[in-house]
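File shown: model36.pdb (PDB, C-alpha atoms, pLDDT in the B column).
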```pdb
ATOM      1  CA  MET A   1     -25.679   8.422 -16.903  1.00 63.00           C
ATOM      2  CA  ARG A   2     -23.002   5.732 -16.802  1.00 67.00           C
ATOM      3  CA  THR A   3     -23.910   2.316 -15.452  1.00 75.00           C
ATOM      4  CA  SER A   4     -21.749   0.429 -12.991  1.00 77.00           C
ATOM      5  CA  GLU A   5     -20.399  -1.846 -15.720  1.00 81.00           C
ATOM      6  CA  GLN A   6     -19.533   1.107 -17.971  1.00 84.00           C
ATOM      7  CA  TYR A   7     -17.703   2.790 -15.091  1.00 82.00           C
ATOM      8  CA  LYS A   8     -15.685  -0.354 -14.402  1.00 83.00           C
ATOM      9  CA  LYS A   9     -14.714  -0.763 -18.063  1.00 87.00           C
ATOM     10  CA  GLU A  10     -13.709   2.884 -18.408  1.00 89.00           C
ATOM     11  CA  ILE A  11     -11.756   3.057 -15.157  1.00 88.00           C
ATOM     12  CA  HIS A  12      -9.860  -0.162 -15.926  1.00 90.00           C
ATOM     13  CA  MET A  13      -9.087   0.986 -19.463  1.00 92.00           C
ATOM     14  CA  THR A  14      -7.910   4.387 -18.228  1.00 92.00           C
ATOM     15  CA  GLY A  15      -5.833   2.756 -15.495  1.00 92.00           C
ATOM     16  CA  ARG A  16      -4.101   0.365 -17.891  1.00 93.00           C
ATOM     17  CA  ILE A  17      -3.322   3.148 -20.341  1.00 95.00           C
ATOM     18  CA  GLY A  18      -1.980   5.267 -17.493  1.00 93.00           C
ATOM     19  CA  LEU A  19       0.250   2.423 -16.299  1.00 93.00           C
ATOM     20  CA  LEU A  20       1.638   1.868 -19.803  1.00 95.00           C
ATOM     21  CA  ILE A  21       2.368   5.585 -20.232  1.00 95.00           C
ATOM     22  CA  THR A  22       4.073   5.671 -16.829  1.00 93.00           C
ATOM     23  CA  ILE A  23       6.259   2.660 -17.653  1.00 93.00           C
ATOM     24  CA  VAL A  24       7.281   4.207 -20.981  1.00 95.00           C
ATOM     25  CA  ILE A  25       8.191   7.527 -19.311  1.00 93.00           C
ATOM     26  CA  LEU A  26      10.127   5.837 -16.500  1.00 91.00           C
ATOM     27  CA  LEU A  27      12.152   3.787 -18.983  1.00 92.00           C
ATOM     28  CA  ALA A  28      12.552   6.654 -21.444  1.00 94.00           C
ATOM     29  CA  VAL A  29      14.309   9.011 -19.008  1.00 92.00           C
ATOM     30  CA  PRO A  30      17.393   6.824 -18.303  1.00 91.00           C
ATOM     31  CA  ILE A  31      17.511   5.608 -21.923  1.00 92.00           C
ATOM     32  CA  ILE A  32      17.537   9.181 -23.272  1.00 94.00           C
ATOM     33  CA  ILE A  33      20.183  10.277 -20.752  1.00 93.00           C
ATOM     34  CA  CYS A  34      22.391   7.280 -21.572  1.00 91.00           C
ATOM     35  CA  SER A  35      21.931   7.921 -25.311  1.00 92.00           C
ATOM     36  CA  VAL A  36      22.784  11.628 -25.104  1.00 93.00           C
ATOM     37  CA  TYR A  37      25.891  11.126 -22.958  1.00 92.00           C
ATOM     38  CA  ASP A  38      26.822   7.697 -24.397  1.00 90.00           C
ATOM     39  CA  ILE A  39      27.039   6.077 -20.981  1.00 88.00           C
ATOM     40  CA  PHE A  40      25.085   2.867 -21.466  1.00 89.00           C
ATOM     41  CA  PRO A  41      26.179   0.317 -18.831  1.00 88.00           C
ATOM     42  CA  THR A  42      27.030  -3.231 -19.787  1.00 88.00           C
ATOM     43  CA  PHE A  43      24.624  -5.990 -18.765  1.00 85.00           C
ATOM     44  CA  LYS A  44      27.087  -7.105 -16.075  1.00 85.00           C
ATOM     45  CA  GLN A  45      27.336  -3.578 -14.644  1.00 85.00           C
ATOM     46  CA  PHE A  46      23.569  -3.228 -14.734  1.00 84.00           C
ATOM     47  CA  MET A  47      22.966  -6.509 -12.870  1.00 81.00           C
ATOM     48  CA  LEU A  48      25.646  -5.747 -10.260  1.00 79.00           C
ATOM     49  CA  SER A  49      24.022  -2.402  -9.527  1.00 80.00           C
ATOM     50  CA  ALA A  50      20.397  -3.532  -9.741  1.00 81.00           C
ATOM     51  CA  SER A  51      20.524  -6.970  -8.108  1.00 75.00           C
ATOM     52  CA  GLY A  52      20.389  -5.624  -4.552  1.00 69.00           C
ATOM     53  CA  LEU A  53      17.478  -3.299  -5.303  1.00 74.00           C
ATOM     54  CA  LEU A  54      15.613  -5.975  -7.260  1.00 78.00           C
ATOM     55  CA  ALA A  55      15.958  -8.439  -4.381  1.00 74.00           C
ATOM     56  CA  ILE A  56      14.256  -5.931  -2.084  1.00 72.00           C
ATOM     57  CA  PHE A  57      11.674  -4.252  -4.293  1.00 78.00           C
ATOM     58  CA  VAL A  58      10.425  -7.115  -6.503  1.00 80.00           C
ATOM     59  CA  PRO A  59       9.010  -9.166  -3.587  1.00 78.00           C
ATOM     60  CA  LEU A  60       7.834  -5.965  -1.862  1.00 77.00           C
ATOM     61  CA  THR A  61       6.008  -4.776  -4.973  1.00 83.00           C
ATOM     62  CA  ILE A  62       4.374  -8.158  -5.579  1.00 83.00           C
ATOM     63  CA  SER A  63       3.216  -8.334  -1.958  1.00 80.00           C
ATOM     64  CA  GLU A  64       1.824  -4.778  -2.131  1.00 82.00           C
ATOM     65  CA  VAL A  65      -0.190  -5.595  -5.249  1.00 86.00           C
ATOM     66  CA  ILE A  66      -1.603  -8.763  -3.682  1.00 85.00           C
ATOM     67  CA  SER A  67      -2.396  -7.237  -0.290  1.00 82.00           C
ATOM     68  CA  PHE A  68      -3.525  -3.696  -1.201  1.00 86.00           C
ATOM     69  CA  THR A  69      -5.440  -4.129  -4.461  1.00 89.00           C
ATOM     70  CA  PRO A  70      -8.498  -5.854  -2.894  1.00 86.00           C
ATOM     71  CA  LEU A  71      -8.963  -2.841  -0.604  1.00 85.00           C
ATOM     72  CA  LEU A  72      -8.042  -0.124  -3.099  1.00 89.00           C
ATOM     73  CA  GLY A  73     -10.091  -1.490  -6.001  1.00 89.00           C
ATOM     74  CA  SER A  74      -9.705   0.534  -9.185  1.00 89.00           C
ATOM     75  CA  ALA A  75      -7.838   3.183  -7.162  1.00 91.00           C
ATOM     76  CA  ALA A  76      -4.900   0.761  -7.265  1.00 92.00           C
ATOM     77  CA  TYR A  77      -3.972   2.060 -10.740  1.00 93.00           C
ATOM     78  CA  LEU A  78      -3.447   5.638  -9.549  1.00 91.00           C
ATOM     79  CA  THR A  79      -1.934   4.412  -6.291  1.00 92.00           C
ATOM     80  CA  PHE A  80       0.789   2.364  -7.959  1.00 91.00           C
ATOM     81  CA  ILE A  81       1.466   5.089 -10.532  1.00 91.00           C
ATOM     82  CA  THR A  82       1.997   7.822  -7.936  1.00 89.00           C
ATOM     83  CA  GLY A  83       3.677   5.595  -5.340  1.00 84.00           C
ATOM     84  CA  ASN A  84       4.201   6.252  -1.633  1.00 82.00           C
ATOM     85  CA  ILE A  85       1.674   3.512  -0.978  1.00 85.00           C
ATOM     86  CA  MET A  86       2.231   2.160   2.527  1.00 79.00           C
ATOM     87  CA  ASN A  87       2.746   5.459   4.330  1.00 77.00           C
ATOM     88  CA  LEU A  88       0.325   7.692   2.411  1.00 84.00           C
ATOM     89  CA  LYS A  89      -2.053   6.337  -0.245  1.00 89.00           C
ATOM     90  CA  PHE A  90      -3.200   3.196   1.572  1.00 86.00           C
ATOM     91  CA  PRO A  91      -3.839   4.986   4.902  1.00 85.00           C
ATOM     92  CA  CYS A  92      -5.629   7.769   3.009  1.00 89.00           C
ATOM     93  CA  ALA A  93      -7.946   5.327   1.218  1.00 90.00           C
ATOM     94  CA  LYS A  94      -8.568   3.277   4.376  1.00 85.00           C
ATOM     95  CA  GLY A  95      -9.292   6.396   6.410  1.00 86.00           C
ATOM     96  CA  ALA A  96     -11.691   7.757   3.788  1.00 90.00           C
ATOM     97  CA  MET A  97     -13.623   4.477   3.701  1.00 88.00           C
ATOM     98  CA  ASP A  98     -13.816   4.396   7.500  1.00 84.00           C
ATOM     99  CA  VAL A  99     -15.151   7.951   7.608  1.00 87.00           C
ATOM    100  CA  ALA A 100     -17.689   7.204   4.856  1.00 88.00           C
ATOM    101  CA  GLY A 101     -18.697   3.989   6.591  1.00 84.00           C
ATOM    102  CA  VAL A 102     -18.357   1.791   3.513  1.00 86.00           C
ATOM    103  CA  THR A 103     -17.185  -1.787   3.224  1.00 82.00           C
ATOM    104  CA  PRO A 104     -13.914  -2.430   1.343  1.00 82.00           C
ATOM    105  CA  GLY A 105     -14.516  -4.277  -1.900  1.00 80.00           C
ATOM    106  CA  THR A 106     -17.893  -2.684  -2.613  1.00 84.00           C
ATOM    107  CA  GLU A 107     -18.652  -0.246  -5.430  1.00 85.00           C
ATOM    108  CA  LYS A 108     -19.053   2.623  -2.968  1.00 88.00           C
ATOM    109  CA  ALA A 109     -15.681   1.848  -1.410  1.00 89.00           C
ATOM    110  CA  ASP A 110     -14.122   1.713  -4.883  1.00 90.00           C
ATOM    111  CA  VAL A 111     -15.334   5.246  -5.672  1.00 89.00           C
ATOM    112  CA  ILE A 112     -14.359   6.601  -2.230  1.00 92.00           C
ATOM    113  CA  ALA A 113     -10.857   5.104  -2.522  1.00 92.00           C
ATOM    114  CA  THR A 114     -10.383   6.497  -6.036  1.00 92.00           C
ATOM    115  CA  LEU A 115     -11.427   9.998  -4.979  1.00 92.00           C
ATOM    116  CA  SER A 116      -9.278   9.945  -1.830  1.00 93.00           C
ATOM    117  CA  VAL A 117      -6.181   8.723  -3.662  1.00 93.00           C
ATOM    118  CA  GLY A 118      -6.755  11.296  -6.420  1.00 92.00           C
ATOM    119  CA  VAL A 119      -7.017  14.171  -3.932  1.00 93.00           C
ATOM    120  CA  SER A 120      -4.015  12.807  -2.023  1.00 92.00           C
ATOM    121  CA  SER A 121      -1.955  12.692  -5.234  1.00 91.00           C
ATOM    122  CA  MET A 122      -2.833  16.278  -6.146  1.00 93.00           C
ATOM    123  CA  LEU A 123      -2.063  17.462  -2.621  1.00 91.00           C
ATOM    124  CA  THR A 124       1.268  15.624  -2.731  1.00 88.00           C
ATOM    125  CA  ILE A 125       2.221  17.462  -5.925  1.00 90.00           C
ATOM    126  CA  ILE A 126       1.289  20.802  -4.343  1.00 92.00           C
ATOM    127  CA  VAL A 127       3.261  20.065  -1.168  1.00 87.00           C
ATOM    128  CA  ILE A 128       6.327  18.912  -3.134  1.00 87.00           C
ATOM    129  CA  ALA A 129       6.191  22.012  -5.321  1.00 90.00           C
ATOM    130  CA  ALA A 130       5.874  24.233  -2.242  1.00 89.00           C
ATOM    131  CA  GLY A 131       8.699  22.325  -0.569  1.00 83.00           C
ATOM    132  CA  VAL A 132      11.013  22.885  -3.533  1.00 86.00           C
ATOM    133  CA  LEU A 133      10.232  26.604  -3.567  1.00 89.00           C
ATOM    134  CA  LEU A 134      10.524  27.001   0.217  1.00 88.00           C
ATOM    135  CA  LEU A 135      13.373  24.559   0.848  1.00 83.00           C
ATOM    136  CA  VAL A 136      16.030  27.222   1.382  1.00 84.00           C
ATOM    137  CA  PRO A 137      13.903  29.626   3.483  1.00 87.00           C
ATOM    138  CA  LEU A 138      12.607  26.762   5.691  1.00 83.00           C
ATOM    139  CA  ARG A 139      15.931  24.968   6.054  1.00 84.00           C
ATOM    140  CA  PRO A 140      16.768  26.434   9.517  1.00 85.00           C
ATOM    141  CA  ILE A 141      13.361  25.294  10.820  1.00 85.00           C
ATOM    142  CA  LEU A 142      13.577  21.812   9.289  1.00 79.00           C
ATOM    143  CA  GLU A 143      16.990  21.280  10.899  1.00 83.00           C
ATOM    144  CA  LEU A 144      15.738  22.018  14.418  1.00 86.00           C
ATOM    145  CA  PRO A 145      16.145  19.002  16.764  1.00 88.00           C
ATOM    146  CA  ALA A 146      12.462  19.174  17.751  1.00 86.00           C
ATOM    147  CA  VAL A 147      11.331  18.954  14.120  1.00 83.00           C
ATOM    148  CA  LYS A 148      13.671  16.042  13.399  1.00 82.00           C
ATOM    149  CA  THR A 149      12.389  14.196  16.471  1.00 86.00           C
ATOM    150  CA  ALA A 150       8.773  14.772  15.425  1.00 82.00           C
ATOM    151  CA  THR A 151       9.344  13.440  11.898  1.00 80.00           C
ATOM    152  CA  ASP A 152      10.844  10.227  13.326  1.00 80.00           C
ATOM    153  CA  TYR A 153       7.483   9.448  14.955  1.00 81.00           C
ATOM    154  CA  MET A 154       5.224  10.326  12.017  1.00 76.00           C
ATOM    155  CA  LEU A 155       5.237   6.897  10.339  1.00 71.00           C
ATOM    156  CA  PRO A 156       4.846   4.854  13.566  1.00 76.00           C
ATOM    157  CA  SER A 157       1.932   7.054  14.647  1.00 76.00           C
ATOM    158  CA  LEU A 158       0.300   6.633  11.240  1.00 70.00           C
ATOM    159  CA  PHE A 159       0.455   2.846  11.405  1.00 69.00           C
ATOM    160  CA  GLY A 160      -0.660   2.985  15.027  1.00 71.00           C
ATOM    161  CA  ALA A 161      -3.826   4.738  13.907  1.00 67.00           C
ATOM    162  CA  LEU A 162      -4.351   2.106  11.199  1.00 64.00           C
ATOM    163  CA  ALA A 163      -3.868  -0.674  13.754  1.00 66.00           C
ATOM    164  CA  LEU A 164      -6.527   0.879  15.990  1.00 65.00           C
ATOM    165  CA  SER A 165      -8.962   0.971  13.058  1.00 61.00           C
ATOM    166  CA  LEU A 166      -8.740  -2.835  12.886  1.00 60.00           C
ATOM    167  CA  LEU A 167     -10.397  -3.052  16.283  1.00 61.00           C
ATOM    168  CA  ARG A 168     -13.684  -1.841  14.849  1.00 61.00           C
ATOM    169  CA  SER A 169     -15.619  -2.674  11.685  1.00 58.00           C
ATOM    170  CA  THR A 170     -17.117  -0.185   9.258  1.00 59.00           C
ATOM    171  CA  GLY A 171     -19.569  -0.488   6.395  1.00 59.00           C
ATOM    172  CA  GLU A 172     -22.366  -2.954   5.794  1.00 62.00           C
ATOM    173  CA  VAL A 173     -20.241  -6.016   6.539  1.00 65.00           C
ATOM    174  CA  GLN A 174     -19.108  -6.264  10.154  1.00 73.00           C
ATOM    175  CA  VAL A 175     -16.041  -8.383  10.971  1.00 76.00           C
ATOM    176  CA  LYS A 176     -15.375  -9.041  14.643  1.00 81.00           C
ATOM    177  CA  ASN A 177     -11.968 -10.074  16.004  1.00 82.00           C
ATOM    178  CA  VAL A 178     -10.317  -9.980  12.577  1.00 79.00           C
ATOM    179  CA  TRP A 179      -7.106  -8.697  14.186  1.00 80.00           C
ATOM    180  CA  MET A 180      -6.623 -12.097  15.847  1.00 87.00           C
ATOM    181  CA  ALA A 181      -5.700 -13.591  12.471  1.00 87.00           C
ATOM    182  CA  GLY A 182      -2.451 -11.621  12.538  1.00 85.00           C
ATOM    183  CA  ILE A 183      -1.273 -12.643  16.028  1.00 89.00           C
ATOM    184  CA  ILE A 184       0.545 -15.859  15.080  1.00 89.00           C
ATOM    185  CA  PRO A 185       2.191 -14.396  11.908  1.00 89.00           C
ATOM    186  CA  PHE A 186       3.268 -11.338  13.945  1.00 88.00           C
ATOM    187  CA  ILE A 187       4.839 -13.478  16.677  1.00 92.00           C
ATOM    188  CA  LEU A 188       6.510 -15.694  14.074  1.00 92.00           C
ATOM    189  CA  ILE A 189       8.046 -12.736  12.224  1.00 90.00           C
ATOM    190  CA  LEU A 190       9.135 -11.151  15.513  1.00 90.00           C
ATOM    191  CA  VAL A 191      10.864 -14.342  16.718  1.00 92.00           C
ATOM    192  CA  ILE A 192      12.612 -14.907  13.384  1.00 91.00           C
ATOM    193  CA  ASN A 193      13.777 -11.286  13.179  1.00 88.00           C
ATOM    194  CA  LEU A 194      15.050 -11.161  16.775  1.00 90.00           C
ATOM    195  CA  PHE A 195      16.488 -14.635  17.307  1.00 90.00           C
ATOM    196  CA  VAL A 196      16.999 -16.373  13.950  1.00 89.00           C
ATOM    197  CA  TYR A 197      17.801 -14.014  11.072  1.00 87.00           C
ATOM    198  CA  SER A 198      17.471 -10.274  10.520  1.00 86.00           C
ATOM    199  CA  LEU A 199      14.736  -9.504   7.998  1.00 82.00           C
ATOM    200  CA  VAL A 200      16.030  -6.015   7.216  1.00 78.00           C
ATOM    201  CA  GLY A 201      15.831  -5.661   3.433  1.00 70.00           C
ATOM    202  CA  LEU A 202      13.650  -8.772   3.174  1.00 76.00           C
ATOM    203  CA  GLU A 203      10.380  -7.141   4.237  1.00 74.00           C
ATOM    204  CA  GLY A 204       8.774  -7.895   0.874  1.00 71.00           C
ATOM    205  CA  VAL A 205       9.632 -11.602   1.086  1.00 77.00           C
ATOM    206  CA  ALA A 206       8.351 -11.786   4.665  1.00 82.00           C
ATOM    207  CA  LEU A 207       5.106 -10.067   3.702  1.00 78.00           C
ATOM    208  CA  LEU A 208       4.572 -12.438   0.779  1.00 78.00           C
ATOM    209  CA  LEU A 209       5.017 -15.446   3.055  1.00 83.00           C
ATOM    210  CA  MET A 210       2.767 -14.041   5.775  1.00 85.00           C
ATOM    211  CA  ILE A 211      -0.199 -13.229   3.503  1.00 83.00           C
ATOM    212  CA  PRO A 212      -1.265 -16.891   2.908  1.00 87.00           C
ATOM    213  CA  LEU A 213      -0.436 -17.754   6.529  1.00 89.00           C
ATOM    214  CA  THR A 214      -2.661 -14.944   7.821  1.00 88.00           C
ATOM    215  CA  MET A 215      -5.462 -16.021   5.471  1.00 86.00           C
ATOM    216  CA  LEU A 216      -5.137 -19.598   6.752  1.00 91.00           C
ATOM    217  CA  PHE A 217      -5.405 -18.525  10.405  1.00 89.00           C
ATOM    218  CA  ALA A 218      -8.328 -16.255   9.566  1.00 88.00           C
ATOM    219  CA  LYS A 219     -10.171 -19.207   7.990  1.00 90.00           C
ATOM    220  CA  ILE A 220      -9.434 -21.449  10.979  1.00 92.00           C
ATOM    221  CA  LEU A 221     -10.588 -18.818  13.483  1.00 90.00           C
ATOM    222  CA  HIS A 222     -13.734 -18.160  11.425  1.00 89.00           C
ATOM    223  CA  LYS A 223     -14.622 -21.859  11.434  1.00 90.00           C
ATOM    224  CA  LYS A 224     -14.131 -21.942  15.210  1.00 89.00           C
ATOM    225  CA  GLY A 225     -16.468 -18.983  15.586  1.00 89.00           C
ATOM    226  CA  ILE A 226     -13.807 -16.628  16.937  1.00 89.00           C
ATOM    227  CA  ILE A 227     -13.850 -14.372  13.884  1.00 86.00           C
ATOM    228  CA  LYS A 228     -17.444 -13.508  13.025  1.00 84.00           C
ATOM    229  CA  VAL A 229     -18.674 -11.919   9.811  1.00 79.00           C
ATOM    230  CA  SER A 230     -22.184 -10.518   9.572  1.00 77.00           C
ATOM    231  CA  TYR A 231     -24.220  -7.920   7.697  1.00 67.00           C
ATOM    232  CA  LEU A 232     -25.134  -4.705   9.471  1.00 62.00           C
ATOM    233  CA  GLY A 233     -28.382  -5.311  11.306  1.00 51.00           C
ATOM    234  CA  ASP A 234     -28.180  -9.050  10.747  1.00 46.00           C
ATOM    235  CA  LYS A 235     -27.846 -11.022  13.979  1.00 45.00           C
ATOM    236  CA  GLY A 236     -26.717 -14.150  12.194  1.00 45.00           C
ATOM    237  CA  ASP A 237     -23.284 -15.126  10.971  1.00 47.00           C
ATOM    238  CA  LEU A 238     -22.325 -14.596   7.351  1.00 46.00           C
ATOM    239  CA  ASN A 239     -20.882 -17.900   6.130  1.00 48.00           C
TER     240      ASN A 239
END
```
Let me see the structure of the file written as structure tokens.
Amino acid sequence: MRTSEQYKKEIHMTGRIGLLITIVILLAVPIIICSVYDIFPTFKQFMLSASGLLAIFVPLTISEVISFTPLLGSAAYLTFITGNIMNLKFPCAKGAMDVAGVTPGTEKADVIATLSVGVSSMLTIIVIAAGVLLLVPLRPILELPAVKTATDYMLPSLFGALALSLLRSTGEVQVKNVWMAGIIPFILILVINLFVYSLVGLEGVALLLMIPLTMLFAKILHKKGIIKVSYLGDKGDLN
């Protein structure tokens, strides 16, 4: 039977190898295509085409790694390899931990998140394969106005469910009023976006800036006794 330390070493080693293989494959595909058809772009052409995407996705990716990895644990490897993090893998892992009643950051939560992301990834592959096979037969249904309207509300409803989960604590560590830490950053982002400068395309930068600000407000509110952290069954505060 593997010990906890052996599991951690093996999962981290497997995750790193998987990430390296993924990076090689992702880089190999365009390189092979450019080599076969002799269509390598110049550095200037590459930067002109990639600069806009890099400005959006580099800050967004960094902020996702910083904000999601503490909750996902070792499941972060598979999550970042398969992608679709914010609207699928993260909600799946968070929902699985809530159902199991485990605290994020614990060994139990790490295993639950890994299993949930793994099952989600396999299901995604099955759904995509089925979608490719059934795309033509289902096209009339997918183009119905009712279906299009429903799909527009899928992502907001998903994040609405996640927001509601913040109102209650799960697992051995209970955190009360943690949602209050996000009030000031939310208002600040809303005011800037509506009255100062549109943040469309700069979501990653905004998220990076808001992470330390949210942590600061959480610390202040905890010191004032507004945010309370305690163990399940423990009447005292966890300091």
Which is closest to A:Ile227 among A:Glu5, A:Trp179, A:Val200, A:Leu207, if we use all atoms listed in the file?
->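 Between A:Glu5, A:Trp179, A:Val200, A:Leu207, the residue approaching A:Ile227 most closely is A:Trp179.
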For the atom pair atom CA of A:Thr82 and atom CA of A:Met210, what is the interatomic distance in Å to one decimal place?
->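 About the pair atom CA of A:Thr82 and atom CA of A:Met210: they are 25.8 Å apart.
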So what does the PyMOL selection byres ((chain A and resi 112-127) around 12) actually pick up in this one, as a PyMOL selection string?
-> chain A and resi 11-12+15+68-85+87-111+128-135
Could you tell me how far atom CA of A:Val196 lies from atom CA of A:Met154, in Å and to one decimal?
->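 Going from atom CA of A:Val196 over to atom CA of A:Met154, I get 29.2 Å.
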Point-to-point distance from atom CA of A:Pro41 to atom CA of A:Val24, Å rounded to tenths =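 About the pair atom CA of A:Pro41 and atom CA of A:Val24: they are 19.4 Å apart.
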Rebuild stretch 114-137 of chain A so that it carries N, CA and C atoms, then output the result as an mmCIF file, in the coordinates of the input.
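File produced: result_1.cif:
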```
data_model
loop_
_atom_site.group_PDB
_atom_site.id
_atom_site.type_symbol
_atom_site.label_atom_id
_atom_site.label_comp_id
_atom_site.auth_asym_id
_atom_site.auth_seq_id
_atom_site.Cartn_x
_atom_site.Cartn_y
_atom_site.Cartn_z
ATOM 1 N N THR A 114 -10.894 5.807 -4.852
ATOM 2 C CA THR A 114 -10.383 6.497 -6.036
ATOM 3 C C THR A 114 -10.317 8.009 -5.817
ATOM 4 N N LEU A 115 -11.395 8.555 -5.250
ATOM 5 C CA LEU A 115 -11.427 9.998 -4.979
ATOM 6 C C LEU A 115 -10.369 10.393 -3.953
ATOM 7 N N SER A 116 -10.231 9.604 -2.888
ATOM 8 C CA SER A 116 -9.278 9.945 -1.830
ATOM 9 C C SER A 116 -7.842 9.869 -2.330
ATOM 10 N N VAL A 117 -7.532 8.848 -3.117
ATOM 11 C CA VAL A 117 -6.181 8.723 -3.662
ATOM 12 C C VAL A 117 -5.898 9.835 -4.668
ATOM 13 N N GLY A 118 -6.921 10.203 -5.465
ATOM 14 C CA GLY A 118 -6.755 11.296 -6.420
ATOM 15 C C GLY A 118 -6.458 12.615 -5.733
ATOM 16 N N VAL A 119 -7.240 12.933 -4.696
ATOM 17 C CA VAL A 119 -7.017 14.171 -3.932
ATOM 18 C C VAL A 119 -5.658 14.119 -3.240
ATOM 19 N N SER A 120 -5.312 12.959 -2.684
ATOM 20 C CA SER A 120 -4.015 12.807 -2.023
ATOM 21 C C SER A 120 -2.863 13.034 -2.995
ATOM 22 N N SER A 121 -3.006 12.515 -4.224
ATOM 23 C CA SER A 121 -1.955 12.692 -5.234
ATOM 24 C C SER A 121 -1.783 14.156 -5.619
ATOM 25 N N MET A 122 -2.907 14.861 -5.801
ATOM 26 C CA MET A 122 -2.833 16.278 -6.146
ATOM 27 C C MET A 122 -2.225 17.092 -5.008
ATOM 28 N N LEU A 123 -2.608 16.757 -3.776
ATOM 29 C CA LEU A 123 -2.063 17.462 -2.621
ATOM 30 C C LEU A 123 -0.565 17.196 -2.484
ATOM 31 N N THR A 124 -0.157 15.962 -2.788
ATOM 32 C CA THR A 124 1.268 15.624 -2.731
ATOM 33 C C THR A 124 2.064 16.476 -3.707
ATOM 34 N N ILE A 125 1.540 16.637 -4.914
ATOM 35 C CA ILE A 125 2.221 17.462 -5.925
ATOM 36 C C ILE A 125 2.344 18.909 -5.444
ATOM 37 N N ILE A 126 1.272 19.429 -4.848
ATOM 38 C CA ILE A 126 1.289 20.802 -4.343
ATOM 39 C C ILE A 126 2.315 20.958 -3.222
ATOM 40 N N VAL A 127 2.331 20.005 -2.296
ATOM 41 C CA VAL A 127 3.261 20.065 -1.168
ATOM 42 C C VAL A 127 4.707 19.966 -1.650
ATOM 43 N N ILE A 128 4.965 19.057 -2.609
ATOM 44 C CA ILE A 128 6.327 18.912 -3.134
ATOM 45 C C ILE A 128 6.770 20.197 -3.835
ATOM 46 N N ALA A 129 5.862 20.761 -4.634
ATOM 47 C CA ALA A 129 6.191 22.012 -5.321
ATOM 48 C C ALA A 129 6.483 23.129 -4.317
ATOM 49 N N ALA A 130 5.648 23.225 -3.276
ATOM 50 C CA ALA A 130 5.874 24.233 -2.242
ATOM 51 C C ALA A 130 7.172 23.974 -1.496
ATOM 52 N N GLY A 131 7.457 22.675 -1.254
ATOM 53 C CA GLY A 131 8.699 22.325 -0.569
ATOM 54 C C GLY A 131 9.937 22.709 -1.359
ATOM 55 N N VAL A 132 9.881 22.510 -2.679
ATOM 56 C CA VAL A 132 11.013 22.885 -3.533
ATOM 57 C C VAL A 132 11.232 24.398 -3.499
ATOM 58 N N LEU A 133 10.135 25.145 -3.562
ATOM 59 C CA LEU A 133 10.232 26.604 -3.567
ATOM 60 C C LEU A 133 10.679 27.167 -2.216
ATOM 61 N N LEU A 134 10.246 26.485 -1.124
ATOM 62 C CA LEU A 134 10.524 27.001 0.217
ATOM 63 C C LEU A 134 11.644 26.258 0.930
ATOM 64 N N LEU A 135 12.353 25.390 0.212
ATOM 65 C CA LEU A 135 13.373 24.559 0.848
ATOM 66 C C LEU A 135 14.455 25.394 1.524
ATOM 67 N N VAL A 136 14.962 26.378 0.822
ATOM 68 C CA VAL A 136 16.030 27.222 1.382
ATOM 69 C C VAL A 136 15.521 28.092 2.528
ATOM 70 N N PRO A 137 14.386 28.804 2.363
ATOM 71 C CA PRO A 137 13.903 29.626 3.483
ATOM 72 C C PRO A 137 13.551 28.817 4.739
#
```
